[in-house]
Amino acid sequence: MFKKVLIANRGEIALRVIRACQELGVSTVAVYSEADRNALHVRYADEAYLIGPPPSRDSYLRIDKIIEVARRSGADAIHPGYGFLAENPDFPRACREAEIVFVGPPPEAITAAGNKLAARLTVRKAGVPVISGTQEEIPDDRLVQVAQEVGYPLFVKAVAGGGGKGLRLVAAPEELPRALAAAHREAEAAFGYGGLYIEKVVENARHVEFQVLADAHGNFIHLGERECSLQRRHQKLVEEAPSVILTRDEKLRARMGEAAIKAAKAAGYVNAGTIEFLLDKDKNFYFLEMNTRLQVEHPVTEMVTGIDIVKEQLRIASGKKLRYKQKDIRFVGHAIECRISAEDPFNKFLPSAGRITSLREPTGPGVRVESGVYEGMEISLYYDPLVAKLVVWGDTRAEAILRMRRALEEYQIVGVKTSIPFHRQLLDNTSYQAGHFDTRFVEERFVLSQEEKAHHGEVTALVAALIAHHRRQEALALISPREDRAPGMSPWKLTGRREAMER
Amino acid sequence: MFKKVLIANRGEIALRVIRACQELGVSTVAVYSEADRNALHVRYADEAYLIGPPPSRDSYLRIDKIIEVARRSGADAIHPGYGFLAENPDFPRACREAEIVFVGPPPEAITAAGNKLAARLTVRKAGVPVISGTQEEIPDDRLVQVAQEVGYPLFVKAVAGGGGKGLRLVAAPEELPRALAAAHREAEAAFGYGGLYIEKVVENARHVEFQVLADAHGNFIHLGERECSLQRRHQKLVEEAPSVILTRDEKLRARMGEAAIKAAKAAGYVNAGTIEFLLDKDKNFYFLEMNTRLQVEHPVTEMVTGIDIVKEQLRIASGKKLRYKQKDIRFVGHAIECRISAEDPFNKFLPSAGRITSLREPTGPGVRVESGVYEGMEISLYYDPLVAKLVVWGDTRAEAILRMRRALEEYQIVGVKTSIPFHRQLLDNTSYQAGHFDTRFVEERFVLSQEEKAHHGEVTALVAALIAHHRRQEALALISPREDRAPGMSPWKLTGRREAMER
Amino acid sequence: MRYWATVGGHEYSIEIDSENKIVIDGTPHHADLQSIDGATLYSLLVDHESYDLVVDREGDTFRILLRGEMYTVSVEDERTRRLKESGPLQAPSGEVVVKAPMPGLVVAVPAQEGSSVEMGQGLVILEAMKMENEIRTPRGGTVKSVKVTPGQVVDQGQALVIIG
Amino acid sequence: MRYWATVGGHEYSIEIDSENKIVIDGTPHHADLQSIDGATLYSLLVDHESYDLVVDREGDTFRILLRGEMYTVSVEDERTRRLKESGPLQAPSGEVVVKAPMPGLVVAVPAQEGSSVEMGQGLVILEAMKMENEIRTPRGGTVKSVKVTPGQVVDQGQALVIIG
């Protein structure tokens with residue numbers, strides 16, 4: 001095992017990796033931007049190094065500075081987390097040159113998976129079903145012909161794609177030329193490569209992905225699936241393990257798991273990776289893409305398998321053989337993750353900046369919080385709005401849902417707007433509870449209610465009136481004990497103290 | 001299932017029950033003493049009723065007031081938690097008269113188990129091994145003769161015993177008369193009944209207990225064992241599931257489990273209960289006593305079985321049949337619980353009162369916190385010093401230990417002294433790590449080190465000097481920007497704000 | 001004292017008689033509101049129902065987090081409602097006689113004749129029942145007249161300061 | 001500035017040159033201490049090693065929680081050490097001339113001749129660089145002489161107040 005690991009990330013995922021290292025007895029090195037001096041990852045790591053100003057391109061995306069810190073601190077491995085440099089093949093290459101282990105796949109595997117079209121062709125050759133569409137890399141001007149063969153509606157996608165950029169839904173032939181031009185421009189701007197391909201739209205599909213582990217000795221296993229259909233603008237909002245569909249169809253799970261391993265093998269994959277599939281209503285599944293990193297939603301898999309995926313990543317990277325065979329993997333119960341982001345669900349999920357003035361995290365049985373924030377923290381707009389992940393485990397999906405509702409009620413984040421009201425309403429939705437949803441559910445069939453419940457309206461009205469009354473009494477009070485008049489002290493406090501004295 | 005459950009308790013266990021009810025969709029009623037108006041159980045419950053002044057005898061032990069609140073609020077069941085009224089048969093009797101369901105065993109089973117000698121005789125008749133000693137209820141003056149037959153060292157125990165009261169270790173015959181007299185007096189004072197019995201001392205024994213569930217339809221299962229040998233003055237400090245001994249001897253586990261179920265059946269038991277055994281170094285086991293309530297340490301069993309014991313208690317009390325058969329019960333991984341108490345481990349574990357000025361609870365993978373405290377809370381000496389339970393789960397015992405160490409490092413409770421330093425040092429102890437310990441380990445072979453680690457000494461010296469320096473600079477500063485001079489604001493804060501403005 | 005609180009388009013009329021006796025839209029309730037942290041966190045027991053709330057206040061607008069949902073409440077009292085109804089805002093007028101609420105010894109008189117004071121500002125320090133009590137002005141204005149001097153013993157109800 | 005900090009029976013000599021440059025027992029270190037919550041929680045980076053600490057201070061005694069363990073540290077500075085070495089505590093003596101640290105406009109002079117002041121108490125309010133700055137006394141004593149009046153413009157280094 002490594003002696004010292006540098007974590008080239010921030011926020012909750014940096015903490016997640018630090019904790020795994022601590023539990024393996026491995027020292028940790030944090031890097032931070034000027035905006036993050038007081039962040040939890042800096043404070044929880046054994047060492048911390050400033051790498052630049054707040055913008056990511058000047059700090060968390062600076063391969064040169066991170067490699068330099070790894071050298072100075074004597075780190076023998078680097079964990080990239082997700083986002084930032086996690087899927088940039090230049091990063092493992094730079095690690096290789098510096099003779100530092102990159103905790104992730106080889107750069108070649110990242111490059112291969114990064115070309116979405118090439119990955120599609122590779123897994124197709126390996127016998128994994130792909131959605132009908134572009135069969136080989138062709139110039140954009142020939143895509144019109146492919147589109148005609150595939151039929152509408154269809155997706156125009158960027159070859160170098162990711163995060164919904166360079167992606168267009170095309171409903172009819174007359175929309176195609178404009179969509180191609182727009183997607184090309186967007187892909188060129190986002191990835192420096194404008195190449196496009198075409199995929200038929202799979203209607204009423206679910207997004208179901210498989211977690212794969214592969215060691216450097218050619219052993220591959222999968223840890224089952226995650227149900228990630230609840231998305232908004234291709235951003236996942238809630239994830240579960242297992243998927244309600246596969247729970248009812250063990251054979252389908254086995255087939256998809258085999259396909260996932262085939263795809264990973266075809267890509268020459270090593271370490272933890274994810275094979276994303278679309279699953280249509282007739283239970284046909286299609287390869288979507290491969291993610292060559294730890295996923296945000298990895299905890300739901302951990303909760304149902306008992307396997308610590310980050311520790312496995314570190315073990316694999318240090319050259320060890322997988323500790324598990326496929327037959328060792330058991331799925332127990334049901335796990336749900338809500339991505340708690342500093343976004344306003346009532347206002348198009350616009351990012352919300354500000355200081356967290358009050359924070360109370362849920363706890364108790366079956367609740368796990370992966371958080372990167374603390375009371376008093378300033379949430380800036382420099383980085384991803386994900387502030388925490390709330391994960392619950394339950395004996396059954398029903399118990400997990402009820403537990404998540406309980407945990408969301410306990411969660412108090414004040415000072416920034418968060419997605420918690422969205423999650424609460426989603427969990428109350430009967431279609432969600434019945435497991436009836438697909439990737440378009442949130443955008444097309446779920447409406448966030450602005451209405452406030454009548455009874456709670458009365459309660460909040462009462463509280464506001466009581467506080468206004470007390471403030472008024474305080475302001476008007478012709479008399480008040482002098483020693484108690486510390487600045488900023490509320491009248492409530494005084495009452496409490498007086499009562500305490502009288503007891 | 002019930003509509004509304006009253007929780008006749010406070011602190012972490014009241015919260016535990018409230019959360020279980022919430023996850024079952026059951027309304028909750030809290031009761032509180034005047035000391036607990038702002039306590040978490042009052043704030044997390046749906047309803048709350050004041051039942052009296054701070055002393056327990058005037059509030060949490062007042063059966064009449066609690067039954068009255070149950071009636072007024074329309075609660076159809078009462079959960080007693082542990083402690084307070086949980087093992088007082090008058091409480092379920094009062095519930096029965098008021099036609100409210102008591103979430104626990106029938107009063108007859110509590111009475112039977114409460115007479116330690118009678119329980120010993122009952123289970124012995126059922127074929128469960130007991131420690132050699134008193135065979136039947138006899139007057140105290142005839143105990144001298146029994147002692148001679150049993151041999152030394154031996155324990156003198158109170159028939160109505162519990163909590164180490166009326167308990168004496170006697171090493172030699174000449175000590176016996178004084179021990180008998182003292183134990184008699186103590187038992188009389190504590191329980192109103194001075195009856196005593198004698199048990200031979202089992203050397204190098206472990207305390208291993210089995211969790212039992214029994215429904216009202218005659219079905220009994222056990223959820224495996226808990227290792228509770230780490231005690232100080234008969235108070236448990238750390239508990240684990242499973243026990244390292246039984247992990248290596250599956251047959252012994254099966255035999256002890258069967259004995260536990262025999263004992264529970266013999267006692268006519270219903271609901272969740274615990275059969276405590278002593279396990280000697282030759283793997284002989286002996287019935288010790290039966291606890292007719294939820295145990296403090298129940299979470300370690302929950303973590304390795306996935307079964308929510310409190311929810312099962314509620315299901316059983318509402319008349320449902322057990323959902324599990326013995327063959328359904330699987331043990332996965334390893335769980336450890338540390339009882340975090342407001343006690344000073346460096347000063348004979350004396351209770352520590354005060355205000356919690358700062359609180360940070362650990363979180364992340366495999367960590368569960370059952371806490372009854374919040375930042376700003378006043379810890380009084382009215383109640384049990386247990387403030388929280390820190391529970392971790394790991395794939396293996398080694399992983400659980402490393403995770404617990406990590407979690408203990410993250411735990412910050414400031415304002416009162418806590419047992420955390422004890423737990424940290426215990427987990428670093430190689431005998432503990434190797435699983436080599438018995439019930440006398442903490443008291444006889446574990447020494448808490450007062451020494452502070454050299455390097456951390458230097459770090460804390462540096463921090464103290466830096467703060468002293470800044471205070472001095474602040475006091476001496478001949479110049480300071482006026483608008484920043486808000487009272488109580490530290491110079492650090494100012495620095496941060498200025499830097500933020502300059503950015 | 002009567003208040004009107006509006007939340008989610010619905011207006012509630014709330015009468016507060018004492019600390020605990022409240023009448024909402026004609027229905028009486030028992031309320032017990034406690035500050036937990038001296039800042040934003042409150043615990044409310046209303047007719048034994050328990051609520052944990054986080055309250056952010058800006059003037060008469062309250063943003064209240066309750067069970068994961070955010071509510072925005074605006075509050076008016078009788079005065080602000082009357083002012084609103086009677087048209088543009090007017091400054092309060094007329095003289096106010098600030099009287100001693102209890103017998104005591106005048107320890108200090110921060111109020112100075114002719115100076116202007118803000119609502120809640122201290123006028124006189126009165127020692128009574130072995131405690132120093134600050135007597136404050138119920139509204140802003142000008143100190144017209146100071147009727148007492150340090151060292152003087154005053155009776156309950158005796159005029160201390162006149163605010164104009 | 002030199003300090004002596006004693007923890008667990010061991011005394012460390014700590015020289016603090018600037019905010020970040022520290023010499024402990026002769027060995028130089030780089031330190032960066034930040035207050036996280038403006039109260040008891042601090043983050044220290046010393047030579048890139050990271051420590052999260054909770055600090056309770058009572059006078060010169062610090063109770064510091066670090067990684068689950070509590071440390072008690074007592075700190076002396078040169079003056080307290082000298083005083084301790086030279087026997088019973090003596091009041092500081094001699095006159096101190098409080099000077100203007102920068103050119104500016106005297107806005108107010110809270111100091112009154114003949115009155116006694118405590119260490120850190122404000123003497124003069126000086127406006128400079130568009131900000132009001134409070135000039136405070138470096139030690140307690142009696143105001144011997146006030147050299148400036150409100151409205152006066154002073155040069156850097158000009159005497160403002162003399163403390164005796």
# chains A, B, ... in the order shown; residues from 1 in each chain; ligands from 1

call {"tool": "residues_around", "arguments": {"residues": "Val75 of chain D", "least_positions_apart": "5", "cutoff": "10 Å", "atoms": "only C-alpha atoms", "output": "PyMOL selection string"}}
result
(chain B and resi 461-462+464-469) or (chain D and resi 3-7+11-14+59-62+80-81)

call {"tool": "select_by_dssp", "arguments": {"residues": "segment 320-467 of chain A", "states": "strand (DSSP E)", "output": "count of residues only"}}
result
36

call {"tool": "closest_atom_pairs", "arguments": {"of": "chain B", "to": "chain A", "cutoff": "10 Å", "atoms": "only C-alpha atoms", "output": "JSON lines"}}
result
{"residue": "B:Glu12", "atom": "CA", "partner": "A:Gly364", "partner_atom": "CA", "distance": 9.6}
{"residue": "B:Leu15", "atom": "CA", "partner": "A:Gly364", "partner_atom": "CA", "distance": 8.5}
{"residue": "B:Arg16", "atom": "CA", "partner": "A:Gly364", "partner_atom": "CA", "distance": 7.0}
{"residue": "B:Arg19", "atom": "CA", "partner": "A:Arg406", "partner_atom": "CA", "distance": 7.3}
{"residue": "B:Ala20", "atom": "CA", "partner": "A:Pro365", "partner_atom": "CA", "distance": 8.6}
{"residue": "B:Cys21", "atom": "CA", "partner": "A:Arg406", "partner_atom": "CA", "distance": 9.9}
{"residue": "B:Gln22", "atom": "CA", "partner": "A:Arg406", "partner_atom": "CA", "distance": 6.5}
{"residue": "B:Glu23", "atom": "CA", "partner": "A:Leu402", "partner_atom": "CA", "distance": 5.1}
{"residue": "B:Leu24", "atom": "CA", "partner": "A:Leu402", "partner_atom": "CA", "distance": 7.4}
{"residue": "B:Gly25", "atom": "CA", "partner": "A:Leu402", "partner_atom": "CA", "distance": 8.0}
{"residue": "B:Glu34", "atom": "CA", "partner": "A:Arg503", "partner_atom": "CA", "distance": 9.5}
{"residue": "B:Ala35", "atom": "CA", "partner": "A:Ala500", "partner_atom": "CA", "distance": 8.9}
{"residue": "B:Tyr44", "atom": "CA", "partner": "A:Glu410", "partner_atom": "CA", "distance": 8.3}
{"residue": "B:Pro53", "atom": "CA", "partner": "A:Arg503", "partner_atom": "CA", "distance": 9.4}
{"residue": "B:Pro54", "atom": "CA", "partner": "A:Arg503", "partner_atom": "CA", "distance": 9.6}
{"residue": "B:Pro299", "atom": "CA", "partner": "A:Pro365", "partner_atom": "CA", "distance": 8.0}
{"residue": "B:Glu302", "atom": "CA", "partner": "A:Pro365", "partner_atom": "CA", "distance": 8.5}
{"residue": "B:Met303", "atom": "CA", "partner": "A:Gly366", "partner_atom": "CA", "distance": 8.6}
{"residue": "B:Thr305", "atom": "CA", "partner": "A:Asp395", "partner_atom": "CA", "distance": 9.9}
{"residue": "B:Gly306", "atom": "CA", "partner": "A:Asp395", "partner_atom": "CA", "distance": 6.5}
{"residue": "B:Ile307", "atom": "CA", "partner": "A:Asp395", "partner_atom": "CA", "distance": 7.2}
{"residue": "B:Asp308", "atom": "CA", "partner": "A:Pro365", "partner_atom": "CA", "distance": 8.1}
{"residue": "B:Val332", "atom": "CA", "partner": "A:Gly306", "partner_atom": "CA", "distance": 8.3}
{"residue": "B:Gly333", "atom": "CA", "partner": "A:Gly306", "partner_atom": "CA", "distance": 7.9}
{"residue": "B:Arg360", "atom": "CA", "partner": "A:Tyr374", "partner_atom": "CA", "distance": 9.4}
{"residue": "B:Glu361", "atom": "CA", "partner": "A:Glu361", "partner_atom": "CA", "distance": 9.3}
{"residue": "B:Pro362", "atom": "CA", "partner": "A:Val369", "partner_atom": "CA", "distance": 9.5}
{"residue": "B:Thr363", "atom": "CA", "partner": "A:Val369", "partner_atom": "CA", "distance": 6.1}
{"residue": "B:Gly364", "atom": "CA", "partner": "A:Glu370", "partner_atom": "CA", "distance": 5.4}
{"residue": "B:Pro365", "atom": "CA", "partner": "A:Arg368", "partner_atom": "CA", "distance": 6.5}
{"residue": "B:Gly366", "atom": "CA", "partner": "A:Arg368", "partner_atom": "CA", "distance": 7.5}
{"residue": "B:Val367", "atom": "CA", "partner": "A:Arg368", "partner_atom": "CA", "distance": 7.1}
{"residue": "B:Arg368", "atom": "CA", "partner": "A:Gly364", "partner_atom": "CA", "distance": 6.0}
{"residue": "B:Val369", "atom": "CA", "partner": "A:Gly364", "partner_atom": "CA", "distance": 5.7}
{"residue": "B:Glu370", "atom": "CA", "partner": "A:Gly364", "partner_atom": "CA", "distance": 5.4}
{"residue": "B:Ser371", "atom": "CA", "partner": "A:Gly364", "partner_atom": "CA", "distance": 8.0}
{"residue": "B:Tyr374", "atom": "CA", "partner": "A:Arg360", "partner_atom": "CA", "distance": 9.4}
{"residue": "B:Lys389", "atom": "CA", "partner": "A:Gly364", "partner_atom": "CA", "distance": 10.0}
{"residue": "B:Val391", "atom": "CA", "partner": "A:Pro365", "partner_atom": "CA", "distance": 9.7}
{"residue": "B:Trp393", "atom": "CA", "partner": "A:Gly306", "partner_atom": "CA", "distance": 9.1}
{"residue": "B:Gly394", "atom": "CA", "partner": "A:Gly306", "partner_atom": "CA", "distance": 8.0}
{"residue": "B:Asp395", "atom": "CA", "partner": "A:Gly306", "partner_atom": "CA", "distance": 6.5}
{"residue": "B:Ala398", "atom": "CA", "partner": "A:Glu23", "partner_atom": "CA", "distance": 9.6}
{"residue": "B:Glu399", "atom": "CA", "partner": "A:Glu23", "partner_atom": "CA", "distance": 7.0}
{"residue": "B:Ala400", "atom": "CA", "partner": "A:Glu23", "partner_atom": "CA", "distance": 8.8}
{"residue": "B:Ile401", "atom": "CA", "partner": "A:Glu23", "partner_atom": "CA", "distance": 8.7}
{"residue": "B:Leu402", "atom": "CA", "partner": "A:Glu23", "partner_atom": "CA", "distance": 5.0}
{"residue": "B:Arg403", "atom": "CA", "partner": "A:Glu23", "partner_atom": "CA", "distance": 5.4}
{"residue": "B:Met404", "atom": "CA", "partner": "A:Glu23", "partner_atom": "CA", "distance": 8.7}
{"residue": "B:Arg405", "atom": "CA", "partner": "A:Glu23", "partner_atom": "CA", "distance": 8.0}
{"residue": "B:Arg406", "atom": "CA", "partner": "A:Glu23", "partner_atom": "CA", "distance": 6.4}
{"residue": "B:Ala407", "atom": "CA", "partner": "A:Arg19", "partner_atom": "CA", "distance": 9.0}
{"residue": "B:Glu409", "atom": "CA", "partner": "A:Tyr44", "partner_atom": "CA", "distance": 9.7}
{"residue": "B:Glu410", "atom": "CA", "partner": "A:Tyr44", "partner_atom": "CA", "distance": 8.3}
{"residue": "B:Pro487", "atom": "CA", "partner": "A:Pro487", "partner_atom": "CA", "distance": 8.5}
{"residue": "B:Ala500", "atom": "CA", "partner": "A:Ala35", "partner_atom": "CA", "distance": 9.0}
{"residue": "B:Arg503", "atom": "CA", "partner": "A:Glu34", "partner_atom": "CA", "distance": 9.5}

call {"tool": "interface_residues", "arguments": {"of": "chain A", "to": "chain D", "cutoff": "9 Å", "atoms": "only C-alpha atoms", "output": "list of chain:residue names"}}
result
A:Val29, A:Arg37, A:Asn38, A:Val42, A:Arg43, A:Tyr44, A:Ala45, A:Asp46, A:Glu47, A:Ala48, A:Tyr49, A:Ser73, A:Glu375, A:Gly376, A:Met377

call {"tool": "select_by_dssp", "arguments": {"residues": "chain C", "states": "alpha helix (DSSP H)", "output": "count of residues only"}}
result
8
